[in-house]
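Peer 1: File work-v5.cif follows (mmCIF, C-alpha atoms):
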data_entry
#
loop_
_atom_site.label_atom_id
_atom_site.label_comp_id
_atom_site.auth_asym_id
_atom_site.auth_seq_id
_atom_site.Cartn_x
_atom_site.Cartn_y
_atom_site.Cartn_z
CA MET A 295 -58.06 -99.93 119.10
CA PRO A 296 -61.85 -100.31 119.09
CA MET A 297 -63.96 -97.55 120.60
CA LEU A 298 -64.65 -98.02 124.30
CA PRO A 299 -68.22 -97.84 125.61
CA THR A 300 -69.25 -94.41 126.86
CA THR A 301 -72.11 -95.42 129.17
CA LEU A 302 -72.18 -97.68 132.21
CA PRO A 303 -74.84 -100.08 130.81
CA ASP A 304 -72.79 -100.49 127.61
CA TRP A 305 -69.62 -101.14 129.62
CA LEU A 306 -71.33 -103.77 131.78
CA ALA A 307 -72.82 -105.46 128.71
CA LEU A 308 -69.35 -105.60 127.11
CA LEU A 309 -67.80 -107.13 130.25
CA GLU A 310 -70.57 -109.71 130.49
CA SER A 311 -70.20 -110.69 126.84
CA ARG A 312 -66.42 -111.06 127.11
CA HIS A 313 -66.41 -113.69 129.80
CA ALA A 314 -68.95 -116.38 130.33
CA GLU A 315 -69.04 -116.99 134.08
CA THR A 316 -68.09 -120.63 133.67
CA HIS A 317 -64.36 -120.13 133.15
CA ILE A 318 -62.59 -118.88 136.26
CA ASP A 319 -58.85 -119.24 136.09
CA MET A 320 -57.99 -119.29 139.79
CA GLY A 321 -54.95 -117.30 140.80
CA LEU A 322 -54.15 -113.64 141.25
CA ASP A 323 -51.22 -113.23 138.86
CA ARG A 324 -53.26 -111.56 136.12
CA VAL A 325 -55.06 -109.21 138.49
CA ARG A 326 -51.81 -108.34 140.27
CA ALA A 327 -50.08 -107.56 136.98
CA VAL A 328 -52.85 -105.14 135.94
CA LYS A 329 -52.92 -103.60 139.43
CA GLU A 330 -49.19 -102.85 139.15
CA ARG A 331 -49.60 -101.31 135.72
CA MET A 332 -52.35 -99.09 137.16
CA HIS A 333 -50.13 -98.06 140.12
CA LEU A 334 -53.14 -98.87 142.28
CA ALA A 335 -52.44 -98.03 145.94
CA PHE A 336 -54.34 -96.66 148.92
CA SER A 337 -52.95 -93.79 150.99
CA CYS A 338 -55.49 -94.40 153.80
CA PRO A 339 -56.23 -97.37 156.10
CA VAL A 340 -57.94 -100.32 154.38
CA ILE A 341 -60.33 -102.70 156.17
CA MET A 342 -61.08 -105.94 154.31
CA VAL A 343 -64.00 -108.21 155.20
CA ALA A 344 -64.49 -111.86 154.18
CA GLY A 345 -66.84 -114.57 155.44
CA THR A 346 -69.66 -116.88 154.38
CA ASN A 347 -72.41 -114.74 155.93
CA GLY A 348 -72.31 -111.36 157.66
CA LYS A 349 -69.73 -109.64 155.43
CA GLY A 350 -72.15 -107.07 154.07
CA SER A 351 -73.61 -106.28 157.49
CA THR A 352 -70.14 -105.82 159.01
CA CYS A 353 -69.10 -103.51 156.15
CA ALA A 354 -72.31 -101.49 156.46
CA MET A 355 -71.83 -101.03 160.23
CA LEU A 356 -68.21 -99.92 159.76
CA GLU A 357 -69.29 -97.42 157.11
CA ALA A 358 -72.11 -96.05 159.29
CA MET A 359 -69.95 -95.65 162.41
CA LEU A 360 -67.04 -94.08 160.52
CA LEU A 361 -69.37 -91.66 158.70
CA GLN A 362 -70.81 -90.63 162.07
CA GLY A 363 -67.23 -90.13 163.24
CA GLY A 364 -66.81 -87.52 160.52
CA TYR A 365 -64.58 -89.61 158.25
CA ARG A 366 -64.82 -89.75 154.46
CA THR A 367 -65.47 -93.41 153.65
CA GLY A 368 -65.05 -95.54 150.56
CA LEU A 369 -67.01 -98.79 150.41
CA TYR A 370 -66.88 -101.67 147.93
CA ILE A 371 -69.78 -104.05 148.59
CA LYS A 372 -71.63 -106.62 146.48
CA PRO A 373 -73.62 -107.81 144.77
CA HIS A 374 -76.05 -105.11 143.70
CA PHE A 375 -79.84 -105.40 143.67
CA LEU A 376 -81.04 -102.76 141.19
CA ASP A 377 -78.06 -100.67 140.03
CA PHE A 378 -74.40 -101.62 139.59
CA ASN A 379 -73.53 -98.29 141.27
CA GLU A 380 -74.62 -99.78 144.62
CA ARG A 381 -71.26 -101.61 144.66
CA ALA A 382 -69.19 -98.43 145.02
CA ARG A 383 -70.00 -95.90 147.72
CA ILE A 384 -68.12 -92.74 148.56
CA ASN A 385 -69.18 -90.94 151.73
CA GLY A 386 -72.31 -93.07 151.89
CA GLU A 387 -73.42 -92.12 148.36
CA MET A 388 -73.44 -94.40 145.31
CA ALA A 389 -70.76 -93.64 142.74
CA SER A 390 -71.95 -91.87 139.58
CA ASP A 391 -72.07 -93.52 136.16
CA GLU A 392 -69.42 -91.06 134.95
CA ALA A 393 -66.98 -91.92 137.73
CA LEU A 394 -67.40 -95.65 137.07
CA VAL A 395 -67.01 -95.29 133.29
CA SER A 396 -63.73 -93.41 133.69
CA ALA A 397 -62.47 -96.06 136.15
CA PHE A 398 -63.37 -98.79 133.63
CA ASP A 399 -61.40 -96.89 130.98
CA VAL A 400 -58.33 -96.89 133.26
CA VAL A 401 -58.48 -100.67 133.75
CA GLU A 402 -59.06 -101.30 130.05
CA THR A 403 -56.04 -99.18 129.08
CA ALA A 404 -53.80 -100.84 131.67
CA ARG A 405 -54.75 -104.46 131.04
CA GLY A 406 -53.41 -104.60 127.47
CA ASP A 407 -53.66 -108.26 126.42
CA ILE A 408 -54.33 -109.62 129.91
CA ASP A 409 -57.74 -111.30 130.24
CA LEU A 410 -59.82 -110.35 133.27
CA THR A 411 -63.13 -111.81 134.41
CA TYR A 412 -66.11 -109.49 134.96
CA PHE A 413 -65.49 -109.62 138.71
CA GLU A 414 -61.74 -108.98 138.44
CA PHE A 415 -62.23 -106.09 136.03
CA THR A 416 -64.93 -104.38 138.10
CA THR A 417 -63.01 -104.95 141.35
CA LEU A 418 -59.93 -103.21 139.94
CA ALA A 419 -62.09 -100.37 138.58
CA ILE A 420 -63.84 -99.74 141.90
CA ALA A 421 -60.58 -100.05 143.86
CA HIS A 422 -59.08 -97.45 141.50
CA LEU A 423 -62.07 -95.16 141.94
CA LEU A 424 -61.90 -95.39 145.75
CA SER A 425 -58.11 -95.00 145.90
CA THR A 426 -58.23 -91.83 143.79
CA SER A 427 -61.14 -90.28 145.73
CA GLU A 428 -60.57 -88.15 148.79
CA ILE A 429 -61.31 -90.72 151.47
CA ASP A 430 -59.97 -91.34 154.98
CA VAL A 431 -60.70 -95.08 155.06
CA ALA A 432 -61.55 -97.83 152.55
CA ILE A 433 -63.82 -100.78 153.41
CA LEU A 434 -63.58 -103.65 150.93
CA GLU A 435 -65.86 -106.68 150.89
CA VAL A 436 -64.35 -109.89 149.54
CA GLY A 437 -66.43 -111.74 146.94
CA LEU A 438 -65.67 -115.46 147.12
CA GLY A 439 -63.37 -117.07 149.65
CA GLY A 440 -60.43 -114.77 150.25
CA ARG A 441 -57.05 -116.14 149.28
CA LEU A 442 -57.72 -116.13 145.53
CA ASP A 443 -60.35 -113.39 145.43
CA ALA A 444 -59.44 -110.39 143.27
CA VAL A 445 -59.86 -108.02 146.24
CA ASN A 446 -56.95 -109.80 147.94
CA VAL A 447 -54.38 -108.17 145.62
CA ILE A 448 -54.77 -105.20 147.98
CA ASP A 449 -53.03 -105.37 151.36
CA ALA A 450 -55.44 -104.58 154.16
CA ASP A 451 -54.41 -102.81 157.36
CA VAL A 452 -57.08 -104.78 159.23
CA SER A 453 -58.74 -107.98 157.98
CA ILE A 454 -62.00 -109.45 159.28
CA VAL A 455 -63.42 -112.94 158.70
CA THR A 456 -67.04 -113.02 159.90
CA SER A 457 -68.33 -116.59 159.62
CA ILE A 458 -67.04 -119.77 158.06
CA ASP A 459 -69.63 -122.11 156.63
CA ILE A 460 -70.05 -124.32 153.60
CA ASP A 461 -71.33 -122.49 150.53
CA HIS A 462 -69.27 -122.46 147.30
CA LYS A 463 -68.06 -126.07 147.42
CA ASP A 464 -66.83 -126.10 143.82
CA TYR A 465 -64.30 -123.36 144.47
CA LEU A 466 -63.58 -123.36 148.19
CA GLY A 467 -63.75 -126.97 149.35
CA ASP A 468 -66.44 -128.80 151.26
CA THR A 469 -65.17 -128.70 154.86
CA ARG A 470 -64.98 -125.76 157.26
CA GLU A 471 -61.22 -126.41 157.60
CA GLU A 472 -60.65 -126.01 153.85
CA ILE A 473 -62.89 -122.92 153.70
CA GLY A 474 -61.27 -121.42 156.82
CA PHE A 475 -57.88 -121.59 155.11
CA GLU A 476 -59.28 -119.82 152.02
CA LYS A 477 -60.82 -117.03 154.12
CA ALA A 478 -57.64 -116.62 156.20
CA GLY A 479 -55.84 -115.77 152.94
CA ILE A 480 -56.77 -112.10 153.50
CA PHE A 481 -54.70 -111.91 156.73
CA ARG A 482 -51.33 -110.10 156.60
CA SER A 483 -48.27 -110.61 158.76
CA GLY A 484 -47.94 -108.18 161.65
CA ARG A 485 -51.42 -106.76 161.09
CA PRO A 486 -54.71 -107.25 162.98
CA ALA A 487 -56.62 -110.31 161.76
CA ILE A 488 -60.08 -110.44 163.35
CA CYS A 489 -62.33 -113.52 163.36
CA SER A 490 -65.88 -113.26 164.74
CA ASP A 491 -66.83 -116.90 164.11
CA PRO A 492 -67.32 -118.40 167.60
CA GLN A 493 -65.82 -121.71 166.40
CA PRO A 494 -62.92 -120.73 164.15
CA PRO A 495 -61.42 -123.63 162.17
CA ALA A 496 -57.94 -124.72 163.25
CA SER A 497 -56.75 -124.00 159.69
CA LEU A 498 -57.57 -120.27 160.08
CA ILE A 499 -55.75 -120.01 163.42
CA LYS A 500 -52.74 -121.94 162.09
CA HIS A 501 -52.47 -119.77 158.97
CA ALA A 502 -52.62 -116.59 161.06
CA GLU A 503 -49.85 -117.94 163.31
CA ASP A 504 -47.76 -119.19 160.37
CA ILE A 505 -47.66 -115.74 158.77
CA GLY A 506 -47.36 -113.86 162.07
CA ALA A 507 -50.68 -112.02 161.82
CA ASP A 508 -52.04 -110.37 164.97
CA LEU A 509 -55.02 -112.67 165.50
CA TRP A 510 -58.10 -111.37 167.37
CA LEU A 511 -60.58 -114.13 168.24
CA ILE A 512 -64.08 -113.57 169.60
CA GLY A 513 -64.28 -114.91 173.15
CA ARG A 514 -60.53 -114.48 173.63
CA ASP A 515 -59.53 -111.00 172.44
CA PHE A 516 -62.94 -109.38 172.20
CA ASN A 517 -66.49 -110.25 173.18
CA TYR A 518 -69.96 -108.86 173.78
CA GLN A 519 -72.69 -109.21 176.36
CA GLY A 520 -76.19 -107.85 176.37
CA ASP A 521 -79.64 -107.84 177.87
CA LYS A 522 -82.99 -106.93 176.29
CA GLN A 523 -82.29 -103.18 176.37
CA GLN A 524 -78.64 -102.74 175.41
CA TRP A 525 -75.32 -104.45 174.90
CA ALA A 526 -71.62 -103.89 175.57
CA TYR A 527 -68.40 -104.59 173.66
CA GLY A 528 -65.17 -105.54 175.41
CA GLY A 529 -61.89 -105.60 173.48
CA ARG A 530 -58.22 -105.87 174.35
CA SER A 531 -58.00 -102.36 175.78
CA GLN A 532 -61.29 -100.72 174.97
CA ARG A 533 -64.78 -101.17 176.42
CA ARG A 534 -67.92 -99.74 174.95
CA ASN A 535 -70.94 -99.87 177.25
CA SER A 536 -74.67 -99.21 176.92
CA LEU A 537 -74.77 -99.61 173.14
CA ALA A 538 -78.07 -99.66 171.27
CA TYR A 539 -78.81 -102.77 169.23
CA PRO A 540 -77.85 -102.40 165.55
CA ALA A 541 -80.68 -101.27 163.26
CA LEU A 542 -79.93 -104.40 161.20
CA ARG A 543 -82.17 -107.06 162.66
CA GLY A 544 -81.26 -110.62 163.34
CA ALA A 545 -79.50 -113.08 165.56
CA ASN A 546 -75.93 -112.75 164.30
CA GLN A 547 -75.74 -108.97 164.19
CA LEU A 548 -73.95 -108.62 167.54
CA LEU A 549 -71.18 -110.90 166.28
CA ASN A 550 -70.89 -108.69 163.19
CA ALA A 551 -71.05 -105.47 165.23
CA SER A 552 -68.37 -106.79 167.60
CA ALA A 553 -66.06 -107.55 164.68
CA ALA A 554 -66.60 -104.01 163.37
CA LEU A 555 -65.83 -102.57 166.81
CA ALA A 556 -62.70 -104.73 167.09
CA ALA A 557 -61.53 -103.25 163.77
CA LEU A 558 -62.17 -99.73 165.08
CA GLU A 559 -60.26 -100.61 168.26
CA ALA A 560 -57.32 -101.86 166.19
CA LEU A 561 -57.35 -98.57 164.21
CA ARG A 562 -58.15 -96.26 167.12
CA MET A 563 -54.88 -94.30 166.77
CA GLN A 564 -55.52 -93.50 163.08
CA LEU A 565 -59.33 -93.31 163.12
CA PRO A 566 -60.67 -92.60 166.61
CA VAL A 567 -64.47 -92.91 166.85
CA GLY A 568 -66.28 -91.71 169.97
CA ALA A 569 -68.97 -93.50 171.95
CA GLN A 570 -71.79 -91.29 170.67
CA GLU A 571 -70.71 -91.81 167.04
CA VAL A 572 -70.64 -95.59 167.51
CA ARG A 573 -74.16 -95.50 168.97
CA ALA A 574 -75.48 -93.29 166.20
CA GLY A 575 -73.85 -95.41 163.48
CA LEU A 576 -75.31 -98.66 164.81
CA ALA A 577 -78.73 -97.04 165.17
CA MET A 578 -78.76 -95.77 161.58
CA VAL A 579 -77.11 -98.55 159.61
CA GLU A 580 -79.08 -99.87 156.64
CA LEU A 581 -78.47 -102.81 154.35
CA PRO A 582 -81.05 -103.97 151.81
CA GLY A 583 -82.05 -107.63 151.71
CA ARG A 584 -80.65 -108.65 155.11
CA PHE A 585 -83.74 -109.49 157.18
CA GLN A 586 -85.24 -106.30 155.77
CA VAL A 587 -88.82 -105.85 157.01
CA LEU A 588 -90.79 -103.61 154.64
CA PRO A 589 -93.34 -101.14 156.01
CA GLY A 590 -97.06 -102.00 155.65
CA ARG A 591 -99.26 -105.10 155.82
CA PRO A 592 -99.01 -107.96 155.19
CA THR A 593 -95.55 -108.01 156.76
CA THR A 594 -92.95 -108.58 154.03
CA VAL A 595 -89.40 -109.73 154.80
CA LEU A 596 -86.56 -109.69 152.25
CA ASP A 597 -83.56 -111.87 153.07
CA VAL A 598 -80.80 -113.08 150.74
CA ALA A 599 -80.30 -116.28 152.80
CA HIS A 600 -78.98 -118.88 150.34
CA ASN A 601 -77.02 -121.38 152.44
CA PRO A 602 -77.90 -123.50 155.50
CA HIS A 603 -76.19 -121.18 158.00
CA ALA A 604 -78.10 -118.13 156.73
CA ALA A 605 -81.37 -120.09 156.45
CA ALA A 606 -81.06 -121.21 160.09
CA THR A 607 -80.59 -117.57 161.14
CA LEU A 608 -83.56 -116.46 159.01
CA ALA A 609 -85.75 -119.20 160.55
CA GLN A 610 -84.72 -118.06 164.03
CA ASN A 611 -85.53 -114.43 163.18
CA LEU A 612 -88.94 -115.43 161.78
CA SER A 613 -89.75 -117.37 164.93
CA ASN A 614 -88.93 -114.26 167.01
CA MET A 615 -91.35 -112.06 165.06
CA GLY A 616 -94.59 -112.84 166.83
CA TYR A 617 -97.85 -114.27 165.48
CA HIS A 618 -98.76 -114.39 161.79
CA ARG A 619 -101.64 -116.49 160.53
CA PHE A 620 -99.95 -117.83 157.38
CA THR A 621 -96.45 -117.39 155.99
CA TYR A 622 -95.99 -117.20 152.21
CA ALA A 623 -92.48 -117.82 150.89
CA VAL A 624 -91.21 -116.52 147.57
CA PHE A 625 -88.35 -118.93 147.06
CA GLY A 626 -85.77 -119.33 144.30
CA ILE A 627 -82.27 -120.74 144.73
CA MET A 628 -79.18 -121.79 142.75
CA GLN A 629 -78.87 -125.50 142.04
CA ASP A 630 -75.31 -125.69 143.44
CA LYS A 631 -76.49 -124.76 146.96
CA ASP A 632 -77.27 -127.22 149.76
CA ILE A 633 -80.98 -126.98 148.94
CA ASP A 634 -82.16 -129.79 151.23
CA ALA A 635 -80.56 -128.22 154.30
CA VAL A 636 -81.96 -124.76 153.44
CA ILE A 637 -85.48 -126.24 153.09
CA GLU A 638 -85.04 -128.25 156.31
CA HIS A 639 -84.47 -125.03 158.31
CA MET A 640 -87.28 -123.06 156.66
CA ALA A 641 -90.06 -125.63 156.14
CA PRO A 642 -91.48 -125.39 159.71
CA TYR A 643 -92.11 -121.66 159.21
CA VAL A 644 -93.76 -121.68 155.78
CA ASP A 645 -97.36 -122.57 154.85
CA HIS A 646 -97.56 -121.51 151.21
CA TRP A 647 -94.60 -121.81 148.82
CA CYS A 648 -94.35 -119.65 145.69
CA VAL A 649 -91.37 -121.17 143.92
CA ALA A 650 -89.59 -119.12 141.25
CA ALA A 651 -87.12 -119.80 138.47
CA LEU A 652 -84.18 -117.35 138.58
CA PRO A 653 -82.65 -115.48 135.63
CA SER A 654 -79.44 -117.52 135.67
CA PRO A 655 -78.28 -120.76 134.04
CA ARG A 656 -77.49 -121.96 137.59
CA SER A 657 -81.10 -121.60 138.76
CA ALA A 658 -82.62 -124.65 140.44
CA ASP A 659 -85.60 -126.09 138.53
CA PRO A 660 -88.83 -124.92 140.24
CA ASP A 661 -90.51 -128.29 139.58
CA VAL A 662 -87.70 -130.14 141.35
CA LEU A 663 -87.94 -127.70 144.27
CA ALA A 664 -91.74 -128.08 144.36
CA GLU A 665 -91.37 -131.86 144.68
CA LYS A 666 -89.00 -131.46 147.65
CA LEU A 667 -91.38 -129.00 149.31
CA GLN A 668 -94.46 -131.11 148.70
CA ALA A 669 -92.71 -133.87 150.68
CA LYS A 670 -92.63 -131.48 153.68
CA LYS A 671 -96.43 -131.18 153.74
CA PRO A 672 -97.57 -131.68 157.35
CA ALA A 673 -99.90 -134.63 157.97
CA GLY A 674 -103.62 -133.85 158.14
CA VAL A 675 -103.24 -130.28 156.91
CA LYS A 676 -106.26 -128.75 155.08
CA PRO A 677 -105.91 -127.66 151.42
CA ASP A 678 -106.14 -123.95 152.29
CA GLU A 679 -103.39 -124.32 154.91
CA PHE A 680 -100.58 -125.59 152.67
CA SER A 681 -99.69 -125.11 149.00
CA VAL A 682 -96.76 -125.25 146.59
CA GLN A 683 -96.89 -123.43 143.24
CA THR A 684 -94.24 -122.65 140.64
CA PHE A 685 -93.63 -119.43 138.68
CA ALA A 686 -91.45 -118.24 135.82
CA ASP A 687 -89.73 -115.54 137.87
CA PRO A 688 -89.63 -113.95 141.35
CA ALA A 689 -91.91 -111.07 140.29
CA ALA A 690 -94.74 -113.45 139.31
CA ALA A 691 -94.25 -115.50 142.50
CA PHE A 692 -94.38 -112.33 144.60
CA GLN A 693 -97.49 -111.09 142.80
CA ASP A 694 -99.22 -114.39 143.60
CA ALA A 695 -98.17 -114.22 147.27
CA THR A 696 -99.42 -110.64 147.63
CA SER A 697 -102.73 -111.47 145.95
CA ARG A 698 -103.39 -114.30 148.43
CA ALA A 699 -101.85 -113.00 151.67
CA GLY A 700 -104.14 -111.28 154.17
CA GLN A 701 -103.41 -108.46 156.62
CA ASP A 702 -102.38 -110.92 159.36
CA ASP A 703 -100.13 -113.00 157.13
CA ARG A 704 -96.50 -112.45 156.20
CA ILE A 705 -94.46 -112.91 153.04
CA VAL A 706 -90.80 -113.89 153.20
CA VAL A 707 -88.66 -113.56 150.07
CA PHE A 708 -85.42 -115.57 150.23
CA GLY A 709 -83.03 -118.08 148.63
CA SER A 710 -80.78 -115.90 146.49
CA PHE A 711 -79.77 -112.34 145.69
CA TYR A 712 -81.63 -112.89 142.41
CA THR A 713 -84.86 -113.75 144.26
CA VAL A 714 -84.71 -110.59 146.38
CA ALA A 715 -83.55 -108.40 143.47
CA GLY A 716 -86.42 -109.67 141.28
CA VAL A 717 -88.96 -108.72 143.96
CA MET A 718 -87.28 -105.35 144.63
CA ALA A 719 -87.43 -104.51 140.93
CA ALA A 720 -91.09 -105.57 140.69
CA ARG A 721 -92.01 -103.45 143.73
CA LYS A 722 -90.10 -100.48 142.35
CA SER A 723 -91.91 -100.62 139.00
CA SER A 724 -95.32 -101.07 140.68
CA LEU A 725 -94.66 -98.01 142.86
CA HIS A 726 -94.05 -95.81 139.83
#
Please rewrite the model in this file as structure tokens.

Peer 2:
Amino acid sequence: MPMLPTTLPDWLALLESRHAETHIDMGLDRVRAVKERMHLAFSCPVIMVAGTNGKGSTCAMLEAMLLQGGYRTGLYIKPHFLDFNERARINGEMASDEALVSAFDVVETARGDIDLTYFEFTTLAIAHLLSTSEIDVAILEVGLGGRLDAVNVIDADVSIVTSIDIDHKDYLGDTREEIGFEKAGIFRSGRPAICSDPQPPASLIKHAEDIGADLWLIGRDFNYQGDKQQWAYGGRSQRRNSLAYPALRGANQLLNASAALAALEALRMQLPVGAQEVRAGLAMVELPGRFQVLPGRPTTVLDVAHNPHAAATLAQNLSNMGYHRFTYAVFGIMQDKDIDAVIEHMAPYVDHWCVAALPSPRSADPDVLAEKLQAKKPAGVKPDEFSVQTFADPAAAFQDATSRAGQDDRIVVFGSFYTVAGVMAARKSSLH
């Protein structure tokens, strides 16, 4: 048997070289077989979260509230921005390289001759790491869809679907009904199945009923109301009043927070969390790249919005921010996204476009994007009031935006995790 890598970077390089991303053999049989060989099982409650947008925020709020409640948490969240370790968190801390390497060794030994994709392999490794750590609760974010996602080989005690919108058409279908069915694949019979999308597809409701899941719908089983100062959650048998707004900014965060609170209500016998702990958790939650406003001037906003639903939310959040003279956008996106609809939502809020190529074969061509954006140029606008330029990568685009933006301007970085990660990395290296 060949020698296994001994460092995390070497392991990740090996996994990337084994499987080009293009071939995804849908189906969970391979992953399930390796899981059984590993005897992978959780001895604590598991909360699983799927959805087009809002998954990460919901996971982060659950982690923050449960940590405040004094519980030892395990979190699997993706993708990462700077370090792979961001994907695995134990008690709010990133997993160490050593812990991840030994988990990779376990998967490699168990898989034998079974092929696993990068995502399947790393999912099993992180699930193993969490299940063998001393935790009271595991929070698992689903990658793509739900039904056929590698995370779904684990049975959740509570499942959450946040929002259902069109994103990965090639894999999940191109209607909300098809996608709703895929997301509902994480529901389990007899267990709480929470959906915080205000307009849940009929396919999701039908699947929950067909398998006998305990379906919680927003507006029917739980809801929220709020004024400028505070908000309240109402569930089936639990009310939480005078809550502070979540530290995560943005229009959909109360939907996400309500889903998290519904999950805590469903688990209140196993994992009771008091009112003060809920308030503190919501006040302290952090999640990079989700309408993240950086300190300093010009105002800089990082947002991973990469589909129409997320772009509409980002546009709404930008319009709520107050006056800025000019807005510079650092924009890069994958070519398989609904680019026209994303641009449609964002164009009214952007004056100067810094368009970047992304480090992926799926990156949209900056010149093609520039042509689309040039077509959005408002009539009669002066040359210094509108521009579109292209760059080789997000770092160069960001450098250009920062060199031109004044104190009263703002810079918004969006379109893909790669766009935000490229800017984060550039800022990190310039700070050192």

Peer 1: Near Gln668 (chain A), within 12 Å and counting all atoms listed in the file, which residues show up once chain neighbours fewer than 2 positions away are dropped, as a VMD selection string?

Peer 2: chain A and resid 637 641 644 to 649 660 to 666 670 to 673 680 to 684

Peer 1: Generate the output file for the selected residues, C-alpha atoms, as a compact mmCIF listing (two decimals), keeping the file's coordinate frame.

Peer 2:
# COMPACT_ATOMS: atom_id res chain seq x y z
CA ILE A 637 -85.48 -126.24 153.09
CA ALA A 641 -90.06 -125.63 156.14
CA VAL A 644 -93.76 -121.68 155.78
CA ASP A 645 -97.36 -122.57 154.85
CA HIS A 646 -97.56 -121.51 151.21
CA TRP A 647 -94.60 -121.81 148.82
CA CYS A 648 -94.35 -119.65 145.69
CA VAL A 649 -91.37 -121.17 143.92
CA PRO A 660 -88.83 -124.92 140.24
CA ASP A 661 -90.51 -128.29 139.58
CA VAL A 662 -87.70 -130.14 141.35
CA LEU A 663 -87.94 -127.70 144.27
CA ALA A 664 -91.74 -128.08 144.36
CA GLU A 665 -91.37 -131.86 144.68
CA LYS A 666 -89.00 -131.46 147.65
CA LYS A 670 -92.63 -131.48 153.68
CA LYS A 671 -96.43 -131.18 153.74
CA PRO A 672 -97.57 -131.68 157.35
CA ALA A 673 -99.90 -134.63 157.97
CA PHE A 680 -100.58 -125.59 152.67
CA SER A 681 -99.69 -125.11 149.00
CA VAL A 682 -96.76 -125.25 146.59
CA GLN A 683 -96.89 -123.43 143.24
CA THR A 684 -94.24 -122.65 140.64

Peer 1: Could you check which of A:Val447, A:Met359, A:Leu424, A:Ile627 is closest to Ala569 (chain A), using only C-alpha atoms?

Peer 2: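 The closest residue to Ala569 (chain A) is A:Met359.
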
Peer 1: Using all atoms listed in the file, can you tell me which of A:Ile420, A:Val395, A:Leu309, A:Ala651 comes closest to Glu380 (chain A)?

Peer 2: A:Ile420

Peer 1: Which polymer residues have any atom within 10 Å of an atom of Gln523 (chain A), counting all atoms listed in the file, with same-chain residues fewer than 5 positions away left out, as a ChimeraX atom specification?

Peer 2: /A:536-539

Peer 1: Please, what distance in Å, to one decimal, runs between CA of Pro339 (chain A) and CA of Leu565 (chain A)?

Peer 2: 8.7 Å

Peer 1: So, counting only C-alpha atoms, which residue among A:Leu498, A:Leu511, A:Met342, A:Leu725 is closest to Ile448 (chain A)?

Peer 2: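 Checking each candidate against Ile448 (chain A), we get A:Met342 as the closest.
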
Peer 1: Can you translate the PyMOL selection byres ((chain A and resi 542-559) around 6) into the concrete residues it hits in this file, as a list in words?

Peer 2: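 This file, filtered by the PyMOL selection byres ((chain A and resi 542-559) around 6), leaves Thr352, Leu356, Ser490, Pro540, Ala541, Ala560, Leu561, Arg562 and Asn611 of chain A.
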
Peer 1: Show me that you can extract region 666-682 of chain A, keeping C-alpha atoms, and write it as an mmCIF file, in the first residue's frame.

Peer 2:
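The result, written out as out_9.cif:
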data_model
loop_
_atom_site.group_PDB
_atom_site.id
_atom_site.type_symbol
_atom_site.label_atom_id
_atom_site.label_comp_id
_atom_site.auth_asym_id
_atom_site.auth_seq_id
_atom_site.Cartn_x
_atom_site.Cartn_y
_atom_site.Cartn_z
ATOM 1 C CA LYS A 666 -23.542 42.421 -20.315
ATOM 2 C CA LEU A 667 -22.717 45.122 -17.765
ATOM 3 C CA GLN A 668 -21.888 47.750 -20.374
ATOM 4 C CA ALA A 669 -25.439 47.245 -21.704
ATOM 5 C CA LYS A 670 -26.737 48.349 -18.266
ATOM 6 C CA LYS A 671 -25.034 51.751 -18.547
ATOM 7 C CA PRO A 672 -27.610 54.416 -17.599
ATOM 8 C CA ALA A 673 -28.440 56.964 -20.305
ATOM 9 C CA GLY A 674 -26.644 60.303 -20.099
ATOM 10 C CA VAL A 675 -24.219 59.188 -17.395
ATOM 11 C CA LYS A 676 -20.819 60.966 -17.277
ATOM 12 C CA PRO A 677 -17.592 58.956 -17.839
ATOM 13 C CA ASP A 678 -16.499 59.295 -14.198
ATOM 14 C CA GLU A 679 -19.890 58.032 -12.988
ATOM 15 C CA PHE A 680 -19.899 54.615 -14.660
ATOM 16 C CA SER A 681 -17.187 52.150 -15.692
ATOM 17 C CA VAL A 682 -16.602 48.472 -16.423
#
